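J.: Take a look at this one; I'll ask things after.
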Amino acid sequence: MPKMRVRDASISIAIALCALPVAAQAQDIVDEDTAIERALAREGISARDDAERAASAAEIDVIGPRANPIDLNGRRGSLRDAARADGLATEAEIARRRQMLVAEVRQAYVQCAAASAQIDVWQRYTEELAEAERVSTARAEAGDTAVYDVRRVRVERRAAEAQLARARGDVAADCAALASLTGIADPQVELEAITRLTSAAQPGERADLLADERRIEAAQYRVRAANQARLPQLAVGVGLLRRDDGIDTAYGPVVSVGVTVPLWNSGSAAVRREEARAAALGSELLIARRRVEAEQNAAAARLSAAREAAVTAAGAREDAGRLGTIAETAYQAGEIGVVELLDAYEAAREADLSVIALATDAALAAVEYDLAIGRTY
């Protein structure tokens with residue numbers, strides 16, 4: 001499994017995003033770790049996990065260490081071992097389910113952060129156009145430029161305001177998933193979340209594969225129990241003996257010992273059934289391992305490509321950001337027209353949005369990679 005090291009990429013994109021405008025947040029910022037903690041602590045999560053653990057523990061107690069007929073062949077012990085293995089499988093399934101919930105929260109957090117960053121870009125763009133409209137109006141009134149410039153900027157500003165309104169709706173929609181997962185109404189997030197591209201240094205253990213292995217172990221114990229059930233068992237009976245000789249009646253305890261021998265059903269069918277179930281689980285595990293390997297390879301490839309694309313976009317953003325300042329100065333001096341000014345603003349805007357979009361893709365790819373390798377939180 002390739003090891004992804006993307007710390008430098010994270011730093012590069014973080015530097016680029018530091019230049020983006022950040023709107024003041026009225027509420028406290030919720031960091032990613034807090035969002036994960038709140039999601040895991042939501043009502044029903046721990047209660048469900050505890051209930052499943054209790055059911056597994058009760059299954060062991062139901063079998064019990066002793067029974068009548070007396071378990072001379074060890075069948076009951078094998079069934080208890082199978083129940084214990086099933087309990088370990090349940091624990092692994094709980095762990096994998098929590099990993100998936102954490103990944104879902106991280107994805108929602110990144111998408112909320114990306115939407116918030118985009119709204120800041122559109123906000124700055126509309127403010128730039130408002131200033132351009134003010135300047136063009138003043139120049140038109142002074143006779144330094146045509147009224148066309150005013151109308152052209154005004155049209156662009158109205159379109160930008162419409163995009164800003166839509167961006168506000170996107171924030172509400174993209175952050176709604178995070179609010180639902182964490183129980184935090186209107187969460188305010190760290191915009192830097194989309195620049196954190198680092199992933200786990202070492203692959204973890206896939207808890208779902210571990211669960212499959214424990215299920216196979218339980219099935220093997222049940223095969224052994226089915227074989228043990230074919231052996232004779234010792235039955236002990238305890239009762240009350242009444243003896244009447246015509247003169248007096250006496251009472252006393254009586255103990256009987258017998259041996260049960262399977263005559264009409266040797267248990268071979270039960271053995272074949274358990275062996276078939278164990279074989280099926282073994283095949284499922286082989287298939288699951290191939291699927292996991294494919295998931296991990298694909299996730300690693302996507303993360304590498306997304307990281308490179310994000311770094312490239314971050315490198316181009318600085319030049320695009322300078323265009324607006326240069327164009328503003330040139331327009332106010334009458335050296336360029338309004339079309340060139342608007343082109344410079346648009347280029348800077350698109351560069352900012354591209355950095356955000358590609359950084360978001362890389363962050364989501366990092367989340368996918370962590371989930372694929374079984375990172376534990």
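Each chain in the structure tokens gets a letter, A, B, ..., in the order shown, and its residues are numbered from 1; ligands are numbered from 1 in order too.
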Just list as a list in words whatever in range 26-64 of chain A DSSP marks as helix (DSSP H, G or I).
T.: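 Taking range 26-64 of chain A and keeping helix (DSSP H, G or I) gives Glu32, Asp33, Thr34, Ala35, Ile36, Glu37, Arg38, Ala39, Leu40, Ile45, Ser46, Ala47, Arg48, Asp49, Asp50, Ala51, Glu52, Arg53, Ala54, Ala55, Ser56, Ala57, Ala58, Glu59, Ile60, Asp61, Val62 and Ile63 of chain A.
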J.: Keeping only N, CA, C and O atoms, write those residues as a short mmCIF file (atom, residue, chain, number, x, y, z; two decimals), in the first residue's frame.
T.:
data_model
loop_
_atom_site.label_atom_id
_atom_site.label_comp_id
_atom_site.auth_asym_id
_atom_site.auth_seq_id
_atom_site.Cartn_x
_atom_site.Cartn_y
_atom_site.Cartn_z
N GLU A 32 -12.87 20.64 13.50
CA GLU A 32 -13.24 19.32 12.98
C GLU A 32 -13.31 18.28 14.09
O GLU A 32 -14.23 17.44 14.11
N ASP A 33 -12.36 18.31 15.02
CA ASP A 33 -12.37 17.33 16.10
C ASP A 33 -13.62 17.46 16.97
O ASP A 33 -14.21 16.46 17.38
N THR A 34 -14.02 18.69 17.23
CA THR A 34 -15.23 18.90 18.03
C THR A 34 -16.46 18.38 17.29
O THR A 34 -17.35 17.78 17.90
N ALA A 35 -16.49 18.61 15.98
CA ALA A 35 -17.62 18.11 15.19
C ALA A 35 -17.70 16.59 15.26
O ALA A 35 -18.80 16.01 15.39
N ILE A 36 -16.54 15.92 15.19
CA ILE A 36 -16.52 14.46 15.27
C ILE A 36 -17.00 14.00 16.65
O ILE A 36 -17.82 13.08 16.76
N GLU A 37 -16.50 14.66 17.69
CA GLU A 37 -16.91 14.28 19.05
C GLU A 37 -18.41 14.45 19.24
O GLU A 37 -19.08 13.61 19.85
N ARG A 38 -18.95 15.55 18.74
CA ARG A 38 -20.38 15.79 18.89
C ARG A 38 -21.20 14.76 18.13
O ARG A 38 -22.26 14.32 18.60
N ALA A 39 -20.72 14.36 16.95
CA ALA A 39 -21.46 13.36 16.17
C ALA A 39 -21.47 12.01 16.86
O ALA A 39 -22.50 11.33 16.92
N LEU A 40 -20.32 11.61 17.40
CA LEU A 40 -20.24 10.32 18.09
C LEU A 40 -21.03 10.32 19.39
O LEU A 40 -21.45 9.25 19.86
N ILE A 45 -26.28 6.69 19.30
CA ILE A 45 -25.05 6.07 18.80
C ILE A 45 -24.49 5.11 19.84
O ILE A 45 -24.35 3.90 19.60
N SER A 46 -24.15 5.63 21.01
CA SER A 46 -23.57 4.78 22.06
C SER A 46 -24.59 3.77 22.57
O SER A 46 -24.23 2.63 22.89
N ALA A 47 -25.86 4.18 22.65
CA ALA A 47 -26.90 3.26 23.14
C ALA A 47 -27.03 2.04 22.22
O ALA A 47 -27.16 0.90 22.69
N ARG A 48 -26.97 2.27 20.93
CA ARG A 48 -27.04 1.15 19.99
C ARG A 48 -25.82 0.25 20.13
O ARG A 48 -25.95 -0.99 20.16
N ASP A 49 -24.63 0.85 20.23
CA ASP A 49 -23.42 0.05 20.38
C ASP A 49 -23.45 -0.77 21.66
O ASP A 49 -23.10 -1.96 21.66
N ASP A 50 -23.87 -0.13 22.75
CA ASP A 50 -23.93 -0.86 24.03
C ASP A 50 -24.95 -1.99 23.99
O ASP A 50 -24.73 -3.06 24.58
N ALA A 51 -26.06 -1.76 23.30
CA ALA A 51 -27.08 -2.80 23.19
C ALA A 51 -26.56 -4.00 22.42
O ALA A 51 -26.83 -5.16 22.78
N GLU A 52 -25.81 -3.75 21.36
CA GLU A 52 -25.26 -4.86 20.58
C GLU A 52 -24.21 -5.62 21.40
O GLU A 52 -24.14 -6.85 21.32
N ARG A 53 -23.41 -4.89 22.16
CA ARG A 53 -22.44 -5.57 23.03
C ARG A 53 -23.14 -6.41 24.09
O ARG A 53 -22.72 -7.53 24.40
N ALA A 54 -24.21 -5.86 24.67
CA ALA A 54 -24.95 -6.60 25.70
C ALA A 54 -25.58 -7.86 25.12
O ALA A 54 -25.60 -8.91 25.77
N ALA A 55 -26.08 -7.77 23.89
CA ALA A 55 -26.67 -8.94 23.26
C ALA A 55 -25.62 -10.03 23.03
O ALA A 55 -25.89 -11.22 23.23
N SER A 56 -24.41 -9.62 22.64
CA SER A 56 -23.34 -10.59 22.43
C SER A 56 -22.94 -11.26 23.74
O SER A 56 -22.71 -12.47 23.80
N ALA A 57 -22.85 -10.45 24.81
CA ALA A 57 -22.49 -11.02 26.11
C ALA A 57 -23.58 -11.96 26.61
O ALA A 57 -23.30 -13.01 27.20
N ALA A 58 -24.84 -11.59 26.38
CA ALA A 58 -25.95 -12.44 26.83
C ALA A 58 -25.97 -13.76 26.08
O ALA A 58 -26.37 -14.79 26.64
N GLU A 59 -25.54 -13.76 24.83
CA GLU A 59 -25.51 -15.00 24.05
C GLU A 59 -24.57 -16.01 24.70
O GLU A 59 -24.87 -17.21 24.72
N ILE A 60 -23.46 -15.54 25.24
CA ILE A 60 -22.53 -16.43 25.94
C ILE A 60 -23.19 -16.99 27.19
O ILE A 60 -23.08 -18.18 27.50
N ASP A 61 -23.88 -16.12 27.94
CA ASP A 61 -24.53 -16.55 29.17
C ASP A 61 -25.68 -17.52 28.90
O ASP A 61 -25.95 -18.41 29.72
N VAL A 62 -26.37 -17.34 27.77
CA VAL A 62 -27.48 -18.24 27.42
C VAL A 62 -26.98 -19.67 27.27
O VAL A 62 -27.62 -20.63 27.71
N ILE A 63 -25.83 -19.81 26.63
CA ILE A 63 -25.27 -21.15 26.44
C ILE A 63 -24.88 -21.76 27.77
O ILE A 63 -25.17 -22.92 28.06
#
J.: Within 10 Å of Leu364 in chain A, counting only C-alpha atoms, which residues show up once you throw out same-chain ones fewer than 5 positions away? Write them as a PyMOL selection string, please.
T.: chain A and resi 103+106-111+194+196-197+302-303+306+358-359+369-370
J.: Can you pull out every residue within 9 Å of Leu129 in chain A, counting only C-alpha atoms, but drop anything in the same chain fewer than 5 positions away, and send it as a list in words?
T.: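 Counting only C-alpha atoms, the residues come to Arg124, Arg134, Val153, Arg154, Glu156, Arg157, Ala160, Leu342 and Tyr345 of chain A.
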J.: Would you export the selected residues with N, CA, C and O atoms as a tab-separated table (two decimals), in the first residue's frame, please?
T.:
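Wrote it out as result26.tsv, contents follow:
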chain	number	residue	atom	x	y	z
A	124	ARG	N	-16.44	39.34	-2.00
A	124	ARG	CA	-15.38	40.28	-2.40
A	124	ARG	C	-15.57	40.73	-3.84
A	124	ARG	O	-15.36	41.90	-4.18
A	134	ARG	N	-18.83	52.74	-8.92
A	134	ARG	CA	-18.69	54.09	-8.38
A	134	ARG	C	-17.67	54.89	-9.19
A	134	ARG	O	-17.91	56.05	-9.57
A	153	VAL	N	-20.67	47.71	-16.09
A	153	VAL	CA	-20.30	47.30	-14.74
A	153	VAL	C	-21.55	46.98	-13.92
A	153	VAL	O	-21.56	46.04	-13.13
A	154	ARG	N	-22.61	47.74	-14.12
A	154	ARG	CA	-23.84	47.53	-13.36
A	154	ARG	C	-24.44	46.16	-13.67
A	154	ARG	O	-24.91	45.46	-12.78
A	156	GLU	N	-22.81	43.52	-14.71
A	156	GLU	CA	-21.93	42.50	-14.10
A	156	GLU	C	-22.15	42.43	-12.58
A	156	GLU	O	-22.15	41.34	-11.99
A	157	ARG	N	-22.39	43.59	-11.99
A	157	ARG	CA	-22.60	43.60	-10.54
A	157	ARG	C	-23.90	42.89	-10.18
A	157	ARG	O	-23.95	42.13	-9.20
A	160	ALA	N	-23.35	39.25	-10.35
A	160	ALA	CA	-22.55	38.78	-9.21
A	160	ALA	C	-23.39	38.71	-7.94
A	160	ALA	O	-23.23	37.79	-7.13
A	342	LEU	N	-13.01	44.36	-15.93
A	342	LEU	CA	-13.89	43.25	-15.53
A	342	LEU	C	-13.24	41.91	-15.79
A	342	LEU	O	-13.43	40.96	-15.02
A	345	TYR	N	-10.93	41.23	-12.85
A	345	TYR	CA	-11.70	40.82	-11.67
A	345	TYR	C	-12.18	39.37	-11.81
A	345	TYR	O	-12.12	38.58	-10.86
J.: Where does DSSP see strand (DSSP E) in range 219-361 of chain A, if you list the residues as a list in words?
T.: Gln233, Leu234, Ala235, Val236, Gly237, Val238, Gly239, Leu240, Leu241, Arg242, Arg243, Asp244, Thr249, Ala250, Tyr251, Gly252, Pro253, Val254, Val255, Ser256, Val257, Gly258, Val259 and Thr260 of chain A
J.: Could you please take those selected residues and save N, CA, C and O atoms as a tab-separated table (two decimals), in the first residue's frame?
T.:
chain	number	residue	atom	x	y	z
A	233	GLN	N	-23.62	-38.60	25.19
A	233	GLN	CA	-23.63	-37.66	26.29
A	233	GLN	C	-24.15	-38.35	27.55
A	233	GLN	O	-25.00	-39.24	27.48
A	234	LEU	N	-23.65	-37.91	28.67
A	234	LEU	CA	-24.06	-38.48	29.96
A	234	LEU	C	-25.20	-37.66	30.53
A	234	LEU	O	-25.09	-36.45	30.68
A	235	ALA	N	-26.32	-38.34	30.83
A	235	ALA	CA	-27.49	-37.68	31.40
A	235	ALA	C	-27.64	-38.09	32.85
A	235	ALA	O	-27.57	-39.27	33.19
A	236	VAL	N	-27.83	-37.11	33.72
A	236	VAL	CA	-28.01	-37.36	35.15
A	236	VAL	C	-29.40	-36.89	35.54
A	236	VAL	O	-29.79	-35.76	35.26
A	237	GLY	N	-30.15	-37.79	36.20
A	237	GLY	CA	-31.49	-37.45	36.65
A	237	GLY	C	-31.58	-37.49	38.17
A	237	GLY	O	-31.00	-38.36	38.81
A	238	VAL	N	-32.31	-36.59	38.76
A	238	VAL	CA	-32.50	-36.51	40.20
A	238	VAL	C	-34.00	-36.44	40.48
A	238	VAL	O	-34.72	-35.66	39.85
A	239	GLY	N	-34.47	-37.32	41.42
A	239	GLY	CA	-35.89	-37.34	41.71
A	239	GLY	C	-36.17	-37.81	43.14
A	239	GLY	O	-35.26	-37.95	43.95
A	240	LEU	N	-37.44	-38.06	43.42
A	240	LEU	CA	-37.88	-38.50	44.75
A	240	LEU	C	-38.44	-39.93	44.64
A	240	LEU	O	-39.30	-40.20	43.81
A	241	LEU	N	-37.93	-40.82	45.46
A	241	LEU	CA	-38.37	-42.22	45.45
A	241	LEU	C	-39.34	-42.45	46.62
A	241	LEU	O	-39.06	-42.08	47.77
A	242	ARG	N	-40.48	-43.06	46.30
A	242	ARG	CA	-41.49	-43.40	47.32
A	242	ARG	C	-41.61	-44.93	47.37
A	242	ARG	O	-41.87	-45.56	46.37
A	243	ARG	N	-41.41	-45.46	48.55
A	243	ARG	CA	-41.50	-46.92	48.72
A	243	ARG	C	-42.53	-47.24	49.83
A	243	ARG	O	-42.39	-46.75	50.96
A	244	ASP	N	-43.48	-48.06	49.49
A	244	ASP	CA	-44.56	-48.46	50.42
A	244	ASP	C	-44.57	-49.98	50.52
A	244	ASP	O	-44.82	-50.68	49.53
A	249	THR	N	-44.49	-46.19	54.78
A	249	THR	CA	-44.09	-45.52	53.52
A	249	THR	C	-42.81	-44.73	53.78
A	249	THR	O	-42.74	-43.97	54.75
A	250	ALA	N	-41.84	-44.96	52.92
A	250	ALA	CA	-40.56	-44.27	53.05
A	250	ALA	C	-40.29	-43.43	51.80
A	250	ALA	O	-40.64	-43.82	50.68
A	251	TYR	N	-39.65	-42.30	52.01
A	251	TYR	CA	-39.29	-41.41	50.92
A	251	TYR	C	-37.78	-41.17	50.93
A	251	TYR	O	-37.17	-41.12	51.99
A	252	GLY	N	-37.24	-41.00	49.76
A	252	GLY	CA	-35.81	-40.71	49.68
A	252	GLY	C	-35.41	-40.25	48.29
A	252	GLY	O	-36.15	-40.44	47.32
A	253	PRO	N	-34.27	-39.64	48.19
A	253	PRO	CA	-33.80	-39.18	46.88
A	253	PRO	C	-33.33	-40.33	46.02
A	253	PRO	O	-32.91	-41.36	46.51
A	254	VAL	N	-33.42	-40.08	44.71
A	254	VAL	CA	-32.95	-41.08	43.76
A	254	VAL	C	-32.18	-40.37	42.66
A	254	VAL	O	-32.57	-39.29	42.21
A	255	VAL	N	-31.07	-40.93	42.30
A	255	VAL	CA	-30.24	-40.38	41.23
A	255	VAL	C	-30.09	-41.44	40.16
A	255	VAL	O	-29.78	-42.60	40.45
A	256	SER	N	-30.33	-40.99	38.91
A	256	SER	CA	-30.19	-41.93	37.79
A	256	SER	C	-29.13	-41.40	36.84
A	256	SER	O	-28.98	-40.21	36.66
A	257	VAL	N	-28.40	-42.31	36.27
A	257	VAL	CA	-27.37	-41.97	35.31
A	257	VAL	C	-27.62	-42.75	34.03
A	257	VAL	O	-27.86	-43.97	34.08
A	258	GLY	N	-27.59	-42.02	32.91
A	258	GLY	CA	-27.81	-42.68	31.63
A	258	GLY	C	-26.92	-42.09	30.56
A	258	GLY	O	-26.33	-41.02	30.73
A	259	VAL	N	-26.81	-42.77	29.51
A	259	VAL	CA	-26.00	-42.32	28.37
A	259	VAL	C	-26.90	-42.19	27.17
A	259	VAL	O	-27.64	-43.13	26.81
A	260	THR	N	-26.89	-40.99	26.52
A	260	THR	CA	-27.66	-40.78	25.30
A	260	THR	C	-26.77	-41.05	24.10
A	260	THR	O	-25.64	-40.54	24.01
J.: What is the distance, in Å and to one decimal place, between CA of Glu340 in chain A and CA of Arg152 in chain A?
T.: 11.7 Å
J.: For CA of Val311 in chain A and CA of Ala362 in chain A, determine how far apart the two atoms are, in Å to one decimal place.
T.: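 One can read the CA of Val311 in chain A to CA of Ala362 in chain A distance as 9.7 Å.
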J.: Excluding same-chain residues fewer than 5 positions from range 189-191 of chain A, what lies within 9 Å of it counting only C-alpha atoms, as JSON, numbers by chain?
T.: {"A": [17, 22, 28, 29, 30, 31, 32, 109, 110, 112, 113, 114, 116, 117]}
J.: I need the chosen residues saved as a short mmCIF file (atom, residue, chain, number, x, y, z; two decimals), in the first residue's frame, with N, CA and C atoms.
T.:
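Okay, part.cif is ready:
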data_model
loop_
_atom_site.label_atom_id
_atom_site.label_comp_id
_atom_site.auth_asym_id
_atom_site.auth_seq_id
_atom_site.Cartn_x
_atom_site.Cartn_y
_atom_site.Cartn_z
N LEU A 17 -4.72 30.10 0.30
CA LEU A 17 -6.04 30.42 0.81
C LEU A 17 -5.99 31.52 1.87
N VAL A 22 -11.90 36.51 4.24
CA VAL A 22 -12.61 35.71 5.22
C VAL A 22 -13.62 36.59 5.94
N ASP A 28 -19.11 31.16 17.47
CA ASP A 28 -17.86 30.46 17.71
C ASP A 28 -17.60 29.45 16.60
N ILE A 29 -16.31 29.30 16.25
CA ILE A 29 -15.92 28.36 15.22
C ILE A 29 -15.90 26.95 15.81
N VAL A 30 -16.45 26.00 15.07
CA VAL A 30 -16.44 24.60 15.47
C VAL A 30 -15.33 23.91 14.69
N ASP A 31 -14.31 23.38 15.41
CA ASP A 31 -13.24 22.70 14.69
C ASP A 31 -13.67 21.27 14.34
N GLU A 32 -12.87 20.64 13.50
CA GLU A 32 -13.24 19.32 12.98
C GLU A 32 -13.31 18.28 14.09
N TYR A 109 -18.01 18.37 6.95
CA TYR A 109 -17.27 19.53 7.46
C TYR A 109 -16.51 20.23 6.33
N VAL A 110 -15.84 19.43 5.51
CA VAL A 110 -15.07 20.01 4.40
C VAL A 110 -16.00 20.71 3.41
N CYS A 112 -18.94 22.00 3.99
CA CYS A 112 -19.44 23.22 4.61
C CYS A 112 -18.39 24.32 4.56
N ALA A 113 -17.14 23.96 4.85
CA ALA A 113 -16.05 24.93 4.81
C ALA A 113 -15.84 25.47 3.39
N ALA A 114 -15.93 24.58 2.41
CA ALA A 114 -15.75 25.01 1.02
C ALA A 114 -16.83 25.99 0.59
N SER A 116 -18.53 27.93 2.52
CA SER A 116 -18.31 29.19 3.24
C SER A 116 -17.19 29.99 2.58
N ALA A 117 -16.15 29.30 2.12
CA ALA A 117 -15.05 29.99 1.44
C ALA A 117 -15.51 30.58 0.12
#
J.: Taking only C-alpha atoms into account, which of A:Asn73, A:Gln220, A:Thr376, A:Ser180 comes nearest Ala280 in chain A?
T.: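 Of A:Asn73, A:Gln220, A:Thr376, A:Ser180, the one nearest Ala280 in chain A, counting only C-alpha atoms, is A:Gln220.
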J.: Which of these, A:Gly44, A:Gly74, A:Pro187, A:Gly324, has the shortest distance to Ala344 in chain A once you count only C-alpha atoms?
T.: A:Gly324
J.: How far is it from CA of Ala363 in chain A to CA of Gly204 in chain A, in Å with one decimal?
T.: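 Computing the Euclidean distance for CA of Ala363 in chain A and CA of Gly204 in chain A yields 19.1 Å.
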J.: Taking only C-alpha atoms into account, which of A:Val292, A:Ala95, A:Val105, A:Leu341 comes nearest Thr325 in chain A?
T.: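 Smallest separation from Thr325 in chain A among the options: A:Leu341.
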J.: Of the candidates A:Glu161, A:Glu93, A:Glu104, A:Glu274, which shows the shortest atom-to-atom distance to Glu368 in chain A, using only C-alpha atoms?
T.: A:Glu104
